[in-house]
Every structure is written in C-alpha cells, then in structure tokens.
Amino acid sequence: MDRMHASWVHRQAGIYPANFFEGSGIVPKRILSIFIDESGDFGPFQVHSPNYYVAMVFHDQSEDISEYIRTLDFQLENIGYPNHTIHTGPIIRKELVYRNDLMENRRRLFNVFLHFARKVPINYICPRIDKSHCEDTELAYISKLSKSMADELKKHFDYLNSFDLLNVYYDYGQPNLTTIITSVFNALFSNVEMRKVQPADYKLFQVADLICTMELTKDKADRNAFSKSELEFFHSARCFKKNLYKNLEKKKL
C-alpha cells in the first residue's frame, strides 16, 4: 500500500494499515479511538423518554477492522443499501429515509449491522442519567451527566491510560455534550485529541448510534414500555432481550 495515503476502509476504521510505518523509522503509538454518540437532550423531563444515554465505542487501532468493513459494505450493497449511513432508531420506527421501506428490508438491514457490531473487535460503555432524578434544569443535567461519564471512565482508567493517545470522535451535535466530553476527558487524561466526525465517515460512529438505541430499547423492555413500532419490529420485549440485546451486551467493558 502507498505510504502516502491509507485506503478508504482504513480511514473508515480510523487506523493505519499494519505495514504503514514499516521501514519508515517511525515507532507507531498505541492509539485508542473512542466514538461517541448520544440519545436524549437537555430539555425538560418527559415520561416517554426519561433517560439520557452517551455511548462510547472503544477501538484499539492495532486491531485492523478493514476486512469487517469490506464485508459489511458488500452485505449492504447486496440487500439494497449501497454506501449507506445507518441510523438505527429510524430503521425501527420507519422514519426518514426508511419511511417507504418494507419491514423485511428494514429488519435485514438492522440484522446485518448488528452482526457487524457483534463481530468487530470493539468494546463499549454507555453512561446514562435518569432525568426524573434531576432538578428539571439544564445545569442539573450537565452536572449529573458529567459525573456519570467521569465515574464510568474512572472504572476503566488503567486500560484507557495504557494508550499513548486517545482520539475522541464526536459530531458536535449537542454543544452541551461537546463541552462535557472535552472537560471530562481532559480532566482525567493528558493524552486526548478531540476530533469532529461526520456520521457517514466512520462505521464505528454508526455503531455508537446503534448502542444508544439498543440501550434505550433495553430500558423500555425492562419497563414493559415498548411502542407499537418496537413491538412490530422486535415481536416482544422478551425476544429483543434474549435474541438481540444479550449478544451485543457482551461487548460491554
């Protein structure tokens, strides 16, 4: 491979190919990519959406995932979604670009991507807050979420701090969360680089979106609070937890 550029699939993975530095005299750093997405907002508490989730997907860049990405792209093209940026919630709810898609096609897309997330060498955490336990103010949510994220990261401090560099990817979609992420990571670690990401550019950012949806759906399943669209898509809360969530949960740190 030409040393002057990594392939498209390696850029998707956020890594250099294994032989990129070979013969260059450069000692590659140990780098951890962290892809972050959220589900929720800083608005008033609502009964139907009580929690705020922040999924963090960890990928050790020494693990080459380019073959997983090539396989996923091949499968997406085969089922009629070439060059597609996956948005898990709308797949389930039949919204946005999926509003005219048949249930069988949406399920096929969901299952292909869930399989990718289960097989690719990643781990994740998903800090959350229950907004019903906070004062109904933006400042209270920021304070509670900052603590939740910091507490969860501290549990894995030795692992995270073993890397020379933490590349933190977020789309800067919510300014408050952007500030929290920057503040919490820089308070805990000295080796952080923040990077703004476009969802279409990285499959693992799309995995973070998947995880947010899966964790939210798991909480709804536990509360027996599935919507009509979730019941249609997953058949039942029991089927969701037993057949889908249980396998993804194995990726939790």
# chains A, B, ... in the order shown; residues from 1 in each chain; ligands from 1

$ closest_atom_pairs --of "segment 85-194 of chain A" --to "segment 37-47 of chain A" --cutoff "8 Å" --atoms "only C-alpha atoms" --output "JSON lines"
{"residue": "A:Lys131", "atom": "CA", "partner": "A:Phe45", "partner_atom": "CA", "distance": 5.9}
{"residue": "A:Ser132", "atom": "CA", "partner": "A:Phe45", "partner_atom": "CA", "distance": 6.3}
{"residue": "A:Asp136", "atom": "CA", "partner": "A:Pro44", "partner_atom": "CA", "distance": 5.9}
{"residue": "A:Thr137", "atom": "CA", "partner": "A:Pro44", "partner_atom": "CA", "distance": 7.1}
{"residue": "A:Glu138", "atom": "CA", "partner": "A:Phe42", "partner_atom": "CA", "distance": 5.6}
{"residue": "A:Tyr141", "atom": "CA", "partner": "A:Phe42", "partner_atom": "CA", "distance": 6.6}
{"residue": "A:Ile142", "atom": "CA", "partner": "A:Phe42", "partner_atom": "CA", "distance": 7.9}
{"residue": "A:Tyr170", "atom": "CA", "partner": "A:Asp37", "partner_atom": "CA", "distance": 6.6}
{"residue": "A:Asp171", "atom": "CA", "partner": "A:Asp37", "partner_atom": "CA", "distance": 7.8}

$ residues_around --residues "Leu160 of chain A" --least-positions-apart "4" --cutoff "12 Å" --atoms "only C-alpha atoms" --output "NGL selection string"
:A and (30-34 or 58-60 or 123 or 152-156 or 164-168 or 185 or 188-192 or 253)

$ write_last_selection --atoms "N, CA and C atoms" --output "CSV table (one decimal), in the first residue's frame"
chain,number,residue,atom,x,y,z
A,30,ARG,N,0.5,3.6,20.5
A,30,ARG,CA,-0.7,2.8,20.8
A,30,ARG,C,-1.8,3.9,20.9
A,31,ILE,N,-2.8,3.7,20.0
A,31,ILE,CA,-3.9,4.7,19.9
A,31,ILE,C,-5.2,4.0,20.1
A,32,LEU,N,-6.1,4.6,20.9
A,32,LEU,CA,-7.4,4.1,21.1
A,32,LEU,C,-8.4,5.2,20.5
A,33,SER,N,-9.2,4.7,19.6
A,33,SER,CA,-10.3,5.5,19.1
A,33,SER,C,-11.5,5.4,19.9
A,34,ILE,N,-12.1,6.5,20.2
A,34,ILE,CA,-13.4,6.5,21.0
A,34,ILE,C,-14.4,7.2,20.3
A,58,PHE,N,-15.0,1.9,22.0
A,58,PHE,CA,-13.6,1.8,22.1
A,58,PHE,C,-13.0,0.9,21.0
A,59,HIS,N,-12.1,1.4,20.2
A,59,HIS,CA,-11.4,0.6,19.2
A,59,HIS,C,-9.9,0.8,19.3
A,60,ASP,N,-9.2,-0.3,19.7
A,60,ASP,CA,-7.7,-0.3,19.7
A,60,ASP,C,-7.2,-0.3,18.3
A,123,ASN,N,-15.2,-2.6,22.2
A,123,ASN,CA,-15.9,-2.6,23.4
A,123,ASN,C,-16.6,-1.3,23.6
A,152,GLU,N,-17.9,6.4,35.1
A,152,GLU,CA,-17.7,5.3,34.3
A,152,GLU,C,-16.3,5.2,33.7
A,153,LEU,N,-15.8,6.3,33.3
A,153,LEU,CA,-14.4,6.3,32.7
A,153,LEU,C,-13.4,5.9,33.8
A,154,LYS,N,-13.6,6.3,35.0
A,154,LYS,CA,-12.6,6.0,36.1
A,154,LYS,C,-12.6,4.5,36.3
A,155,LYS,N,-13.7,3.8,36.1
A,155,LYS,CA,-13.7,2.4,36.3
A,155,LYS,C,-12.7,1.7,35.4
A,156,HIS,N,-12.4,2.3,34.2
A,156,HIS,CA,-11.5,1.7,33.2
A,156,HIS,C,-10.3,2.6,33.0
A,164,ASP,N,-1.1,5.5,24.3
A,164,ASP,CA,-0.3,6.8,24.2
A,164,ASP,C,-1.2,7.9,23.8
A,165,LEU,N,-2.3,7.6,23.1
A,165,LEU,CA,-3.2,8.7,22.6
A,165,LEU,C,-4.7,8.2,22.6
A,166,LEU,N,-5.6,9.1,23.1
A,166,LEU,CA,-7.0,8.8,23.0
A,166,LEU,C,-7.6,9.7,21.9
A,167,ASN,N,-8.0,9.2,20.8
A,167,ASN,CA,-8.7,10.0,19.8
A,167,ASN,C,-10.2,9.9,20.0
A,168,VAL,N,-10.8,11.0,20.4
A,168,VAL,CA,-12.2,11.1,20.8
A,168,VAL,C,-13.0,11.7,19.6
A,185,PHE,N,-12.9,14.3,29.7
A,185,PHE,CA,-11.7,13.6,29.2
A,185,PHE,C,-10.4,14.3,29.5
A,188,LEU,N,-9.4,13.9,33.2
A,188,LEU,CA,-9.0,12.6,33.6
A,188,LEU,C,-7.7,12.2,32.9
A,189,PHE,N,-7.5,12.6,31.7
A,189,PHE,CA,-6.4,12.1,30.9
A,189,PHE,C,-5.6,13.2,30.2
A,190,SER,N,-4.3,13.0,30.1
A,190,SER,CA,-3.4,14.0,29.5
A,190,SER,C,-3.1,13.8,28.0
A,191,ASN,N,-3.7,12.7,27.5
A,191,ASN,CA,-3.3,12.3,26.1
A,191,ASN,C,-4.5,12.2,25.2
A,192,VAL,N,-5.3,13.3,25.2
A,192,VAL,CA,-6.6,13.3,24.5
A,192,VAL,C,-6.5,14.3,23.3
A,253,LEU,N,-17.5,-3.2,28.4
A,253,LEU,CA,-16.3,-3.3,29.2
A,253,LEU,C,-16.7,-3.7,30.6

$ select_by_dssp --residues "segment 65-215 of chain A" --states "helix (DSSP H, G or I)" --output "ChimeraX atom specification"
/A:66-78,88-93,96-98,103-119,131-133,138-155,157-161,175-188,199-201,203-215

$ select_by_dssp --residues "segment 19-153 of chain A" --states "strand (DSSP E or B)" --output "CSV table (one decimal) with all heavy atoms, in the first residue's frame"
chain,number,residue,atom,x,y,z
A,31,ILE,N,-2.8,3.7,20.0
A,31,ILE,CA,-3.9,4.7,19.9
A,31,ILE,C,-5.2,4.0,20.1
A,31,ILE,O,-5.5,2.9,19.6
A,31,ILE,CB,-3.9,5.4,18.5
A,31,ILE,CG1,-2.5,6.1,18.3
A,31,ILE,CG2,-5.0,6.4,18.4
A,31,ILE,CD1,-2.4,6.7,16.9
A,32,LEU,N,-6.1,4.6,20.9
A,32,LEU,CA,-7.4,4.1,21.1
A,32,LEU,C,-8.4,5.2,20.5
A,32,LEU,O,-8.4,6.3,20.9
A,32,LEU,CB,-7.7,4.0,22.6
A,32,LEU,CG,-9.1,3.4,22.9
A,32,LEU,CD1,-9.2,1.9,22.6
A,32,LEU,CD2,-9.5,3.6,24.4
A,33,SER,N,-9.2,4.7,19.6
A,33,SER,CA,-10.3,5.5,19.1
A,33,SER,C,-11.5,5.4,19.9
A,33,SER,O,-11.9,4.3,20.3
A,33,SER,CB,-10.6,5.1,17.6
A,33,SER,OG,-9.5,5.4,16.8
A,34,ILE,N,-12.1,6.5,20.2
A,34,ILE,CA,-13.4,6.5,21.0
A,34,ILE,C,-14.4,7.2,20.3
A,34,ILE,O,-14.3,8.5,20.1
A,34,ILE,CB,-13.1,7.1,22.4
A,34,ILE,CG1,-12.0,6.4,23.2
A,34,ILE,CG2,-14.4,7.0,23.3
A,34,ILE,CD1,-11.6,7.1,24.5
A,35,PHE,N,-15.5,6.5,19.8
A,35,PHE,CA,-16.5,7.1,19.1
A,35,PHE,C,-17.7,7.3,20.0
A,35,PHE,O,-18.2,6.4,20.6
A,35,PHE,CB,-16.9,6.2,17.9
A,35,PHE,CG,-15.8,6.1,16.9
A,35,PHE,CD1,-14.8,5.1,17.0
A,35,PHE,CD2,-15.7,6.9,15.8
A,35,PHE,CE1,-13.8,4.9,16.1
A,35,PHE,CE2,-14.7,6.8,14.8
A,35,PHE,CZ,-13.8,5.8,15.0
A,36,ILE,N,-18.3,8.5,20.0
A,36,ILE,CA,-19.3,8.9,21.0
A,36,ILE,C,-20.5,9.4,20.3
A,36,ILE,O,-20.5,10.2,19.4
A,36,ILE,CB,-18.8,10.0,21.9
A,36,ILE,CG1,-17.6,9.5,22.7
A,36,ILE,CG2,-19.9,10.5,22.9
A,36,ILE,CD1,-17.0,10.5,23.7
A,37,ASP,N,-21.7,8.9,20.7
A,37,ASP,CA,-23.0,9.4,20.3
A,37,ASP,C,-23.9,9.4,21.4
A,37,ASP,O,-23.7,8.7,22.5
A,37,ASP,CB,-23.5,8.5,19.1
A,37,ASP,CG,-24.6,9.2,18.3
A,37,ASP,OD1,-24.7,10.5,18.4
A,37,ASP,OD2,-25.4,8.5,17.6
A,38,GLU,N,-25.0,10.2,21.3
A,38,GLU,CA,-25.9,10.3,22.4
A,38,GLU,C,-27.4,10.0,22.0
A,38,GLU,O,-27.7,10.0,20.8
A,38,GLU,CB,-25.9,11.7,23.0
A,38,GLU,CG,-26.7,12.8,22.3
A,38,GLU,CD,-26.2,13.1,20.9
A,38,GLU,OE1,-25.0,13.1,20.6
A,38,GLU,OE2,-27.1,13.5,20.0
A,39,SER,N,-28.2,9.7,23.0
A,39,SER,CA,-29.6,9.7,22.8
A,39,SER,C,-30.3,10.4,23.9
A,39,SER,O,-30.2,10.1,25.1
A,39,SER,CB,-30.1,8.2,22.8
A,39,SER,OG,-31.5,8.1,22.6
A,46,GLN,N,-39.4,14.2,30.2
A,46,GLN,CA,-40.6,13.7,29.6
A,46,GLN,C,-40.8,12.2,29.9
A,46,GLN,O,-39.8,11.4,29.9
A,46,GLN,CB,-40.6,13.8,28.1
A,46,GLN,CG,-40.5,15.3,27.6
A,46,GLN,CD,-40.5,15.4,26.1
A,46,GLN,OE1,-40.1,14.5,25.4
A,46,GLN,NE2,-40.9,16.6,25.6
A,49,SER,N,-39.5,9.5,27.6
A,49,SER,CA,-38.1,9.5,27.3
A,49,SER,C,-37.3,10.0,28.6
A,49,SER,O,-36.8,11.1,28.6
A,49,SER,CB,-37.7,10.3,26.1
A,49,SER,OG,-36.4,10.3,25.8
A,51,ASN,N,-34.5,8.9,30.1
A,51,ASN,CA,-33.1,8.8,30.3
A,51,ASN,C,-32.3,9.5,29.2
A,51,ASN,O,-32.8,9.7,28.1
A,51,ASN,CB,-32.7,7.3,30.3
A,51,ASN,CG,-33.3,6.6,31.4
A,51,ASN,OD1,-33.4,7.1,32.5
A,51,ASN,ND2,-33.7,5.4,31.2
A,52,TYR,N,-31.1,9.8,29.5
A,52,TYR,CA,-30.1,10.4,28.5
A,52,TYR,C,-28.9,9.4,28.5
A,52,TYR,O,-28.4,9.1,29.5
A,52,TYR,CB,-29.7,11.8,29.0
A,52,TYR,CG,-28.8,12.6,28.0
A,52,TYR,CD1,-29.4,13.6,27.3
A,52,TYR,CD2,-27.5,12.2,27.7
A,52,TYR,CE1,-28.6,14.4,26.4
A,52,TYR,CE2,-26.8,12.9,26.8
A,52,TYR,CZ,-27.3,14.0,26.1
A,52,TYR,OH,-26.6,14.7,25.2
A,53,TYR,N,-28.6,9.0,27.3
A,53,TYR,CA,-27.5,8.0,27.1
A,53,TYR,C,-26.3,8.6,26.3
A,53,TYR,O,-26.5,9.4,25.4
A,53,TYR,CB,-28.0,6.8,26.3
A,53,TYR,CG,-29.3,6.2,26.8
A,53,TYR,CD1,-30.6,6.7,26.6
A,53,TYR,CD2,-29.2,5.0,27.6
A,53,TYR,CE1,-31.7,6.1,27.1
A,53,TYR,CE2,-30.4,4.4,28.1
A,53,TYR,CZ,-31.6,5.0,27.9
A,53,TYR,OH,-32.8,4.4,28.3
A,54,VAL,N,-25.1,8.1,26.7
A,54,VAL,CA,-23.9,8.5,25.9
A,54,VAL,C,-23.2,7.2,25.7
A,54,VAL,O,-22.5,6.7,26.6
A,54,VAL,CB,-23.1,9.5,26.7
A,54,VAL,CG1,-21.8,9.9,25.9
A,54,VAL,CG2,-23.8,10.8,27.0
A,55,ALA,N,-23.2,6.7,24.4
A,55,ALA,CA,-22.5,5.5,24.1
A,55,ALA,C,-21.0,5.9,23.7
A,55,ALA,O,-20.8,6.9,22.9
A,55,ALA,CB,-23.2,4.8,22.9
A,56,MET,N,-20.1,5.1,24.2
A,56,MET,CA,-18.7,5.3,23.9
A,56,MET,C,-18.1,4.0,23.4
A,56,MET,O,-18.1,3.0,24.1
A,56,MET,CB,-17.9,5.7,25.1
A,56,MET,CG,-18.3,7.0,25.7
A,56,MET,SD,-17.3,7.5,27.1
A,56,MET,CE,-18.2,9.0,27.7
A,57,VAL,N,-17.8,4.0,22.1
A,57,VAL,CA,-17.2,2.8,21.4
A,57,VAL,C,-15.7,2.8,21.4
A,57,VAL,O,-15.2,3.8,20.9
A,57,VAL,CB,-17.8,2.6,20.0
A,57,VAL,CG1,-17.1,1.5,19.3
A,57,VAL,CG2,-19.3,2.4,20.1
A,58,PHE,N,-15.0,1.9,22.0
A,58,PHE,CA,-13.6,1.8,22.1
A,58,PHE,C,-13.0,0.9,21.0
A,58,PHE,O,-13.4,-0.3,20.9
A,58,PHE,CB,-13.1,1.4,23.4
A,58,PHE,CG,-13.6,2.2,24.6
A,58,PHE,CD1,-14.2,1.6,25.7
A,58,PHE,CD2,-13.5,3.6,24.5
A,58,PHE,CE1,-14.7,2.4,26.7
A,58,PHE,CE2,-13.9,4.4,25.6
A,58,PHE,CZ,-14.5,3.8,26.7
A,59,HIS,N,-12.1,1.4,20.2
A,59,HIS,CA,-11.4,0.6,19.2
A,59,HIS,C,-9.9,0.8,19.3
A,59,HIS,O,-9.4,1.9,19.1
A,59,HIS,CB,-11.8,0.9,17.8
A,59,HIS,CG,-11.0,0.2,16.8
A,59,HIS,ND1,-10.5,0.9,15.7
A,59,HIS,CD2,-10.6,-1.1,16.6
A,59,HIS,CE1,-9.8,0.1,15.0
A,59,HIS,NE2,-9.8,-1.1,15.5
A,60,ASP,N,-9.2,-0.3,19.7
A,60,ASP,CA,-7.7,-0.3,19.7
A,60,ASP,C,-7.2,-0.3,18.3
A,60,ASP,O,-7.5,-1.2,17.5
A,60,ASP,CB,-7.2,-1.5,20.5
A,60,ASP,CG,-5.7,-1.6,20.6
A,60,ASP,OD1,-5.0,-0.9,19.8
A,60,ASP,OD2,-5.2,-2.4,21.4
A,123,ASN,N,-15.2,-2.6,22.2
A,123,ASN,CA,-15.9,-2.6,23.4
A,123,ASN,C,-16.6,-1.3,23.6
A,123,ASN,O,-16.4,-0.4,22.9
A,123,ASN,CB,-14.9,-2.9,24.6
A,123,ASN,CG,-14.2,-4.2,24.5
A,123,ASN,OD1,-13.0,-4.3,24.2
A,123,ASN,ND2,-14.9,-5.3,24.9
A,124,TYR,N,-17.5,-1.3,24.6
A,124,TYR,CA,-18.2,0.0,24.8
A,124,TYR,C,-18.7,0.1,26.2
A,124,TYR,O,-18.7,-0.9,27.0
A,124,TYR,CB,-19.5,0.0,23.8
A,124,TYR,CG,-20.7,-0.8,24.3
A,124,TYR,CD1,-21.7,-0.2,25.1
A,124,TYR,CD2,-20.9,-2.1,23.8
A,124,TYR,CE1,-22.8,-0.9,25.5
A,124,TYR,CE2,-22.0,-2.8,24.2
A,124,TYR,CZ,-23.0,-2.2,25.0
A,124,TYR,OH,-24.1,-2.9,25.4
A,125,ILE,N,-18.9,1.4,26.6
A,125,ILE,CA,-19.6,1.7,27.8
A,125,ILE,C,-20.8,2.6,27.4
A,125,ILE,O,-20.7,3.2,26.3
A,125,ILE,CB,-18.7,2.3,28.9
A,125,ILE,CG1,-18.1,3.6,28.3
A,125,ILE,CG2,-17.6,1.4,29.3
A,125,ILE,CD1,-17.3,4.4,29.4
A,128,ARG,N,-25.3,6.9,31.6
A,128,ARG,CA,-26.7,7.5,31.4
A,128,ARG,C,-27.1,8.2,32.6
A,128,ARG,O,-26.5,7.9,33.7
A,128,ARG,CB,-27.7,6.4,31.0
A,128,ARG,CG,-28.0,5.4,32.1
A,128,ARG,CD,-29.1,4.5,31.8
A,128,ARG,NE,-29.4,3.6,32.9
A,128,ARG,CZ,-30.4,2.7,33.0
A,128,ARG,NH1,-31.1,2.5,31.9
A,128,ARG,NH2,-30.6,2.0,34.1
A,129,ILE,N,-28.1,9.0,32.5
A,129,ILE,CA,-28.7,9.6,33.7
A,129,ILE,C,-30.2,9.5,33.5
A,129,ILE,O,-30.8,9.4,32.4
A,129,ILE,CB,-28.4,11.1,33.8
A,129,ILE,CG1,-28.8,11.9,32.6
A,129,ILE,CG2,-26.9,11.3,34.1
A,129,ILE,CD1,-28.7,13.4,32.8
A,130,ASP,N,-30.9,9.3,34.6
A,130,ASP,CA,-32.3,9.3,34.7
A,130,ASP,C,-32.8,10.8,35.0
A,130,ASP,O,-32.5,11.3,36.1
A,130,ASP,CB,-32.8,8.4,35.8
A,130,ASP,CG,-34.4,8.3,35.9
A,130,ASP,OD1,-35.0,9.2,35.3
A,130,ASP,OD2,-34.8,7.3,36.5

$ closest_residue --among "A:Leu177, A:Ala200, A:Val97, A:Val112" --to "Phe74 of chain A" --atoms "only C-alpha atoms"
A:Val112

$ closest_residue --among "A:Leu204, A:Ile65, A:Met149, A:Val184" --to "Tyr169 of chain A" --atoms "only C-alpha atoms"
A:Leu204

$ residues_around --residues "segment 92-96 of chain A" --least-positions-apart "3" --cutoff "12 Å" --atoms "only C-alpha atoms" --output "ChimeraX atom specification"
/A:86-89,99-111,210,213-214,217,226-235

$ write_last_selection --atoms "C-alpha atoms" --output "mmCIF file, in the first residue's frame"
data_model
loop_
_atom_site.group_PDB
_atom_site.id
_atom_site.type_symbol
_atom_site.label_atom_id
_atom_site.label_comp_id
_atom_site.auth_asym_id
_atom_site.auth_seq_id
_atom_site.Cartn_x
_atom_site.Cartn_y
_atom_site.Cartn_z
ATOM 1 C CA ILE A 86 -27.097 3.593 9.132
ATOM 2 C CA HIS A 87 -29.454 5.286 11.624
ATOM 3 C CA THR A 88 -30.813 2.579 13.897
ATOM 4 C CA GLY A 89 -33.733 4.358 15.572
ATOM 5 C CA ARG A 99 -40.384 5.525 5.724
ATOM 6 C CA ASN A 100 -41.205 3.682 2.472
ATOM 7 C CA ASP A 101 -39.099 0.559 3.160
ATOM 8 C CA LEU A 102 -40.720 -2.816 3.802
ATOM 9 C CA MET A 103 -40.416 -4.330 7.272
ATOM 10 C CA GLU A 104 -38.417 -7.274 5.913
ATOM 11 C CA ASN A 105 -35.868 -4.920 4.340
ATOM 12 C CA ARG A 106 -35.518 -2.841 7.486
ATOM 13 C CA ARG A 107 -35.063 -5.964 9.612
ATOM 14 C CA ARG A 108 -32.451 -7.282 7.184
ATOM 15 C CA LEU A 109 -30.532 -4.010 7.378
ATOM 16 C CA PHE A 110 -30.751 -3.964 11.175
ATOM 17 C CA ASN A 111 -29.570 -7.571 11.491
ATOM 18 C CA LEU A 210 -26.793 1.574 17.394
ATOM 19 C CA THR A 213 -30.762 2.751 20.549
ATOM 20 C CA MET A 214 -30.184 -0.738 21.951
ATOM 21 C CA THR A 217 -34.758 -0.135 23.950
ATOM 22 C CA PHE A 226 -42.441 -0.828 24.094
ATOM 23 C CA SER A 227 -44.060 1.394 21.491
ATOM 24 C CA LYS A 228 -46.217 -0.022 18.719
ATOM 25 C CA SER A 229 -43.345 0.229 16.246
ATOM 26 C CA GLU A 230 -40.972 -1.599 18.629
ATOM 27 C CA LEU A 231 -43.476 -4.403 19.166
ATOM 28 C CA GLU A 232 -43.910 -4.757 15.413
ATOM 29 C CA PHE A 233 -40.183 -4.747 14.763
ATOM 30 C CA PHE A 234 -38.995 -6.988 17.639
ATOM 31 C CA HIS A 235 -42.210 -9.007 18.275
#

$ closest_residue --among "A:Ala117, A:Phe157, A:Lys203, A:Tyr172" --to "Asp73 of chain A" --atoms "only C-alpha atoms"
A:Lys203
